[in-house]
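Here is the file model.cif (mmCIF, C-alpha atoms).
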data_query
loop_
_atom_site.label_atom_id
_atom_site.label_comp_id
_atom_site.auth_asym_id
_atom_site.auth_seq_id
_atom_site.Cartn_x
_atom_site.Cartn_y
_atom_site.Cartn_z
CA MET J 1 0.00 0.00 0.00
CA THR J 2 1.35 3.41 -0.96
CA LYS J 3 1.75 5.75 1.97
CA PHE J 4 0.87 9.38 1.54
CA THR J 5 0.60 12.41 3.75
CA LEU J 6 -2.62 14.37 4.12
CA TYR J 7 -2.63 18.03 5.07
CA THR J 8 -5.76 20.03 5.79
CA PHE J 9 -5.77 23.76 6.32
CA ILE J 10 -8.21 26.65 6.36
CA ILE J 11 -7.50 29.53 4.03
CA LEU J 12 -5.56 32.15 5.96
CA GLY J 13 -7.90 34.76 7.37
CA LEU J 14 -10.99 32.61 6.83
CA ALA J 15 -11.56 31.29 10.32
CA LEU J 16 -14.85 29.61 11.14
CA SER J 17 -17.58 32.21 11.39
CA SER J 18 -21.00 32.09 12.96
CA CYS J 19 -23.78 32.22 10.39
CA ASN J 20 -25.60 34.67 12.63
CA SER J 21 -22.73 37.07 13.25
CA SER J 22 -20.55 39.35 11.19
CA ASN J 23 -18.33 37.18 9.01
CA VAL J 24 -14.56 37.26 8.87
CA PHE J 25 -14.84 36.64 5.12
CA SER J 26 -17.56 37.21 2.58
CA ILE J 27 -19.57 34.61 0.74
CA SER J 28 -21.75 34.96 -2.34
CA ASP J 29 -25.48 35.60 -2.22
CA ASN J 30 -26.15 32.03 -3.35
CA GLU J 31 -23.87 30.59 -0.69
CA ASP J 32 -25.63 32.77 1.86
CA LYS J 33 -29.00 31.42 0.68
CA GLY J 34 -27.71 27.88 1.12
CA ILE J 35 -26.53 28.57 4.67
CA LYS J 36 -29.84 30.22 5.55
CA GLU J 37 -31.81 27.24 4.20
CA VAL J 38 -29.74 24.90 6.35
CA LEU J 39 -30.47 27.05 9.42
CA GLU J 40 -34.18 27.26 8.63
CA TYR J 41 -34.34 23.48 8.35
CA TYR J 42 -32.20 22.45 11.33
CA GLY J 43 -31.94 25.46 13.63
CA GLY J 44 -29.03 25.48 16.04
CA ILE J 45 -25.72 27.23 15.42
CA CYS J 46 -23.96 27.11 12.09
CA LYS J 47 -20.38 28.02 11.24
CA TYR J 48 -18.70 27.88 7.87
CA ALA J 49 -15.26 28.01 6.34
CA VAL J 50 -13.41 27.53 3.08
CA GLY J 51 -10.28 25.45 2.99
CA TYR J 52 -8.01 23.06 1.14
CA SER J 53 -7.09 19.44 1.69
CA ALA J 54 -3.81 18.46 0.08
CA SER J 55 -2.18 15.05 -0.21
CA THR J 56 0.73 13.60 -2.14
CA LYS J 57 -1.73 11.09 -3.64
CA GLU J 58 -4.70 13.18 -4.79
CA GLY J 59 -3.37 16.72 -4.98
CA LYS J 60 -5.10 19.81 -3.63
CA THR J 61 -8.86 19.73 -2.96
CA LYS J 62 -10.87 22.87 -2.24
CA TYR J 63 -13.90 22.53 0.00
CA PHE J 64 -16.64 24.56 1.65
CA GLU J 65 -17.26 23.42 5.22
CA VAL J 66 -20.49 23.76 7.20
CA GLU J 67 -20.34 23.07 10.94
CA MET J 68 -23.56 22.46 12.90
CA THR J 69 -24.03 22.48 16.68
CA LYS J 70 -26.93 22.76 19.13
CA SER J 71 -29.56 21.50 16.68
CA ASP J 72 -32.41 19.61 18.35
CA ILE J 73 -33.42 18.12 15.01
CA ILE J 74 -29.96 16.72 14.32
CA GLU J 75 -29.82 15.28 17.84
CA LYS J 76 -32.77 13.06 16.90
CA PHE J 77 -30.60 11.50 14.19
CA ALA J 78 -27.72 10.77 16.56
CA ASN J 79 -27.63 7.12 15.46
CA ALA J 80 -27.75 7.99 11.75
CA LEU J 81 -25.88 11.26 11.36
CA ASP J 82 -25.17 10.57 7.69
CA MET J 83 -28.80 11.50 6.98
CA PRO J 84 -28.76 15.12 8.24
CA ALA J 85 -25.15 15.54 7.11
CA SER J 86 -25.96 14.55 3.53
CA ASN J 87 -29.06 16.74 3.57
CA ILE J 88 -27.09 19.73 4.84
CA ALA J 89 -24.61 19.28 2.00
CA TYR J 90 -27.43 19.00 -0.53
CA LEU J 91 -29.43 21.98 0.80
CA PHE J 92 -26.32 24.12 0.56
CA TYR J 93 -25.26 22.79 -2.84
CA ARG J 94 -28.63 23.20 -4.55
CA ASN J 95 -28.54 26.96 -3.90
CA LEU J 96 -25.25 27.36 -5.73
CA LYS J 97 -25.02 28.37 -9.35
CA GLN J 98 -21.64 29.29 -10.84
CA GLU J 99 -20.19 28.65 -7.35
CA LYS J 100 -20.59 24.91 -7.92
CA ASP J 101 -17.35 25.02 -9.88
CA ASN J 102 -15.51 26.70 -7.01
CA TYR J 103 -15.39 23.62 -4.76
CA ASP J 104 -14.36 20.00 -5.16
CA GLU J 105 -16.20 18.91 -2.01
CA ILE J 106 -18.71 20.07 0.56
CA HIS J 107 -17.72 19.10 4.11
CA VAL J 108 -20.23 18.85 6.93
CA VAL J 109 -19.13 18.80 10.57
CA ILE J 110 -21.69 17.82 13.19
CA ILE J 111 -21.01 18.28 16.90
CA LEU J 112 -23.60 16.76 19.23
CA GLN J 113 -24.45 17.88 22.75
CA ASN J 114 -22.35 15.03 24.16
CA GLU J 115 -19.40 16.56 22.23
CA ARG J 116 -19.32 13.69 19.74
CA LYS J 117 -17.95 15.06 16.48
CA MET J 118 -18.38 13.60 13.00
CA ILE J 119 -17.03 14.87 9.70
CA PHE J 120 -18.65 13.98 6.36
CA LYS J 121 -17.24 14.76 2.92
CA TYR J 122 -19.31 14.94 -0.27
CA PRO J 123 -17.65 15.24 -3.70
CA LYS J 124 -19.37 17.69 -6.02
CA GLU J 125 -19.95 14.86 -8.52
CA ASP J 126 -22.10 13.01 -5.98
CA LEU J 127 -24.01 16.17 -5.11
CA ALA J 128 -24.63 16.86 -8.81
CA THR J 129 -26.09 13.35 -9.10
CA ILE J 130 -28.33 13.97 -6.10
CA ASP J 131 -29.49 17.27 -7.57
CA ARG J 132 -30.32 15.57 -10.87
CA LYS J 133 -32.17 12.66 -9.26
CA MET J 134 -34.14 14.99 -7.00
CA GLY J 135 -35.78 16.16 -10.20
CA VAL J 136 -37.13 12.64 -10.70
CA VAL J 137 -38.35 12.52 -7.09
CA GLU J 138 -40.17 15.83 -7.60
CA LYS J 139 -41.94 14.45 -10.69
CA VAL J 140 -43.09 11.40 -8.74
CA VAL J 141 -44.27 13.58 -5.85
CA ASP J 142 -46.20 15.76 -8.31
CA ILE J 143 -48.00 12.65 -9.59
CA LEU J 144 -48.95 11.77 -6.01
CA LYS J 145 -50.11 15.34 -5.38
CA ARG J 146 -52.48 15.08 -8.33
CA LYS J 147 -53.54 11.58 -7.18
CA ASN J 148 -52.75 10.29 -10.66
CA PHE J 149 -51.57 6.96 -9.24
CA ASP J 150 -51.53 5.14 -12.57
CA GLY J 151 -49.07 7.81 -13.68
CA LEU J 152 -46.50 6.20 -11.40
CA LYS J 153 -46.12 3.14 -13.60
CA PRO J 154 -43.92 4.69 -16.32
CA TYR J 155 -41.48 5.76 -13.61
CA LEU J 156 -41.19 2.32 -12.03
CA ASN J 157 -38.40 0.15 -13.36
CA PRO J 158 -38.09 -2.76 -10.94
CA ASP J 159 -34.64 -4.34 -10.93
CA THR J 160 -35.25 -7.96 -9.96
CA THR J 161 -31.55 -8.43 -9.22
CA TYR J 162 -31.95 -5.80 -6.48
CA ILE J 163 -35.53 -6.15 -5.22
CA HIS J 164 -38.66 -7.91 -6.46
CA TYR J 165 -42.19 -6.54 -6.23
CA ASN J 166 -45.37 -6.25 -8.27
CA GLU J 167 -45.85 -2.78 -9.76
CA ASP J 168 -49.65 -2.95 -9.82
CA THR J 169 -49.79 -4.10 -6.19
CA LEU J 170 -47.53 -1.23 -5.13
CA ILE J 171 -49.64 1.34 -6.99
CA ASN J 172 -52.90 -0.08 -5.62
CA ASN J 173 -51.57 0.06 -2.06
CA VAL J 174 -50.45 3.68 -2.49
CA ALA J 175 -53.90 4.61 -3.84
CA LYS J 176 -55.64 2.70 -1.06
CA PHE J 177 -53.88 4.32 1.88
CA ASP J 178 -53.30 7.80 0.44
CA PRO J 179 -56.67 9.33 1.53
CA GLN J 180 -55.98 8.82 5.23
CA PHE J 181 -52.98 11.17 5.04
CA GLY J 182 -54.66 14.01 3.17
CA SER J 183 -53.32 16.24 0.42
CA ILE J 184 -49.58 16.53 -0.14
CA LYS J 185 -48.01 19.93 0.42
CA GLU J 186 -44.39 19.12 -0.38
CA PHE J 187 -41.56 16.62 -0.09
CA SER J 188 -39.00 17.42 2.59
CA PRO J 189 -35.72 15.46 2.26
CA TYR J 190 -34.04 13.71 5.19
CA GLY J 191 -30.89 12.84 3.27
CA PHE J 192 -29.37 10.24 0.99
CA ARG J 193 -27.09 7.21 0.96
CA PHE J 194 -25.18 5.41 -1.74
CA LEU J 195 -25.69 1.69 -1.18
CA GLN J 196 -23.73 -1.11 -2.78
CA ARG J 197 -25.53 -4.19 -4.02
CA GLU J 198 -24.07 -7.45 -2.77
CA ARG J 199 -24.72 -9.33 -5.99
CA ASP J 200 -22.83 -7.20 -8.51
CA LEU J 201 -21.39 -4.36 -6.35
CA ARG J 202 -23.27 -1.74 -8.37
CA LYS J 203 -24.30 1.42 -6.55
CA VAL J 204 -27.88 2.32 -5.70
CA LEU J 205 -28.87 5.80 -4.53
CA HIS J 206 -31.35 5.88 -1.65
CA ILE J 207 -33.14 9.22 -1.17
CA SER J 208 -35.15 9.49 2.03
CA GLY J 209 -37.59 12.09 3.30
CA VAL J 210 -41.13 12.84 4.37
CA LEU J 211 -44.26 13.92 2.53
CA LEU J 212 -45.73 16.90 4.36
CA ARG J 213 -49.54 16.65 4.29
CA ASP J 214 -52.57 18.46 5.65
CA LYS J 215 -53.67 15.50 7.82
CA GLN J 216 -50.73 13.24 8.63
CA ASN J 217 -47.18 13.29 7.29
CA ASN J 218 -45.68 10.05 6.07
CA GLU J 219 -42.17 8.86 5.36
CA PHE J 220 -41.29 8.50 1.71
CA SER J 221 -38.15 7.27 -0.03
CA VAL J 222 -36.99 6.04 -3.41
CA ASP J 223 -34.08 3.98 -4.69
CA VAL J 224 -32.64 4.94 -8.06
CA ASP J 225 -29.80 3.95 -10.34
CA PRO J 226 -27.36 6.89 -10.05
CA GLN J 227 -25.90 6.08 -13.48
CA SER J 228 -29.22 6.04 -15.33
CA THR J 229 -30.13 9.05 -17.47
CA LYS J 230 -33.80 8.06 -17.52
CA ASP J 231 -36.59 9.43 -15.33
CA GLU J 232 -37.16 6.19 -13.46
CA ILE J 233 -36.91 4.70 -10.00
CA ILE J 234 -36.12 1.16 -8.93
CA VAL J 235 -38.51 1.15 -5.99
CA LEU J 236 -40.71 3.52 -4.02
CA GLN J 237 -41.07 3.04 -0.28
CA TYR J 238 -44.22 4.53 1.16
CA ALA J 239 -44.16 4.09 4.96
CA LEU J 240 -47.48 4.16 6.82
#
Would it be possible to restate this file's structure as structure tokens?
Amino acid sequence: MTKFTLYTFIILGLALSSCNSSNVFSISDNEDKGIKEVLEYYGGICKYAVGYSASTKEGKTKYFEVEMTKSDIIEKFANALDMPASNIAYLFYRNLKQEKDNYDEIHVVIILQNERKMIFKYPKEDLATIDRKMGVVEKVVDILKRKNFDGLKPYLNPDTTYIHYNEDTLINNVAKFDPQFGSIKEFSPYGFRFLQRERDLRKVLHISGVLLRDKQNNEFSVDVDPQSTKDEIIVLQYAL
């Protein structure tokens, strides 16, 4: 195994700054919108920084770092911190425009009340995939909003090497239980995970969240092929 040295440093003069206080360095309007959306979603205290990670193996990597503390919502995910961390990275990233080319990674640092600290790193290529696939999720949610349940079928592409189910049964069950929850207002993401299939080691993207409704919210997630260019999902999970 080749040994290499990793160095991480914050740009000089760009110390971590509270999102609610005067900043030591300036960020763009789009970056500011991303930070504000994170705060609106999770509350707590947010700090941010820009820095570089450099190694003799991979070269220099520029990143934007978001640090979250004192968030009651994040505390509820203490046993699955990759969910809020991935969502924080996505909420920030989706507000960027030309700034997307400024960073190689988005880093998320979460510090819990018990002082446990976790660092998550998301390459911009993965975040671009998430952003693209969220468009498919939004189309599926729009079909559910309009209660056009048969309209789900063209989006379903079951992969029997990954999971087996009957499309018609799934659609009928969604239609059957949908009325008890009421009308859908919007989809609110929890986060995402890249899973690896045991059979052929291919990646599957799992996007998890909740459908906000006027009667009762319900958990909602989809699995998609991150490499596919089609508007399709492998499976829809509709928790009651």
Given only C-alpha atoms as the counted atoms, nearest of J:Phe120, J:Phe194, J:Phe149, J:Phe187 to Thr169 of chain J: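 For Thr169 of chain J, the nearest of the given residues is J:Phe149.
Taking only C-alpha atoms, the non-local environment of segment 76-78 of chain J within 10 Å (same-chain residues fewer than 4 positions away omitted) comprises Ser71, Asp72, Asp82, Met83, Pro84, Ala85, Ile110, Leu112, Gln113, Arg116 and Tyr190 of chain J.
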Point-to-point distance in Å for atom CA of Ile207 of chain J and atom CA of Met134 of chain J: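 We find that atom CA of Met134 of chain J and atom CA of Ile207 of chain J lie 8.3 Å from each other.
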Distance of atom CA of Asp131 of chain J from atom CA of Met118 of chain J, expressed in Å to one decimal place: 23.7 Å
Selected residue, from J:Thr229, J:Asn30, J:Ser208, J:Gln237, that lies nearest to Ser86 of chain J when counting only C-alpha atoms: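 Once distances to Ser86 of chain J are computed over only C-alpha atoms, the minimum belongs to J:Ser208.
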Selection result for the PyMOL selection byres ((chain J and resi 107) around 8) on this file, as a ChimeraX atom specification: /J:63-66,89,105-106,108-109,119-122
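Counting all atoms listed in the file and comparing J:His206, J:Glu138, J:Glu186, J:Tyr238, the residue that lies closest to Ile171 of chain J is J:Tyr238.
Distances here use only C-alpha atoms; by that measure, the residue among J:Lys230, J:Leu236, J:Lys185, J:Pro179 closest to Glu167 of chain J is J:Leu236.
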Show which residues sit within 10 Å of Thr69 of chain J, as a PDB file with C-alpha atoms, in the coordinates of the input. Count all atoms listed in the file, and ignore same-chain residues fewer than 5 positions away.
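Heads up, here's the output in out.pdb:
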ATOM      1  CA  TYR J  42     -32.200  22.450  11.330  1.00  0.00           C
ATOM      2  CA  GLY J  43     -31.940  25.460  13.630  1.00  0.00           C
ATOM      3  CA  GLY J  44     -29.030  25.480  16.040  1.00  0.00           C
ATOM      4  CA  ILE J  45     -25.720  27.230  15.420  1.00  0.00           C
ATOM      5  CA  CYS J  46     -23.960  27.110  12.090  1.00  0.00           C
ATOM      6  CA  LYS J  47     -20.380  28.020  11.240  1.00  0.00           C
ATOM      7  CA  ILE J  74     -29.960  16.720  14.320  1.00  0.00           C
ATOM      8  CA  GLU J  75     -29.820  15.280  17.840  1.00  0.00           C
ATOM      9  CA  VAL J 109     -19.130  18.800  10.570  1.00  0.00           C
ATOM     10  CA  ILE J 110     -21.690  17.820  13.190  1.00  0.00           C
ATOM     11  CA  ILE J 111     -21.010  18.280  16.900  1.00  0.00           C
ATOM     12  CA  LEU J 112     -23.600  16.760  19.230  1.00  0.00           C
ATOM     13  CA  GLN J 113     -24.450  17.880  22.750  1.00  0.00           C
ATOM     14  CA  GLU J 115     -19.400  16.560  22.230  1.00  0.00           C
ATOM     15  CA  LYS J 117     -17.950  15.060  16.480  1.00  0.00           C
TER      16      LYS J 117
END
Calculate, to one decimal in Å, the centre and edge lengths of the box along x, y and z of the file that holds all listed atoms of segment 110-123 of chain J with 4 Å of margin on each side, and present them as AutoDock Vina command-line options.
--center_x -20.7 --center_y 15.9 --center_z 10.2 --size_x 15.4 --size_y 12.7 --size_z 35.9
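Of the listed residues (J:Asp168, J:Phe192, J:Asp150, J:Lys70), J:Phe192 comes nearest to Leu127 of chain J; the distances count only C-alpha atoms.
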Residue nearest Arg94 of chain J among J:Val235, J:Ala128, J:Val224, J:Leu81 (counting only C-alpha atoms):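 Closest residue, counting only C-alpha atoms: J:Ala128.
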Shell of 9 Å around Asp104 of chain J, only C-alpha atoms, local chain residues under 3 positions omitted, as a PyMOL selection string: chain J and resi 61-64+100-101+122-125
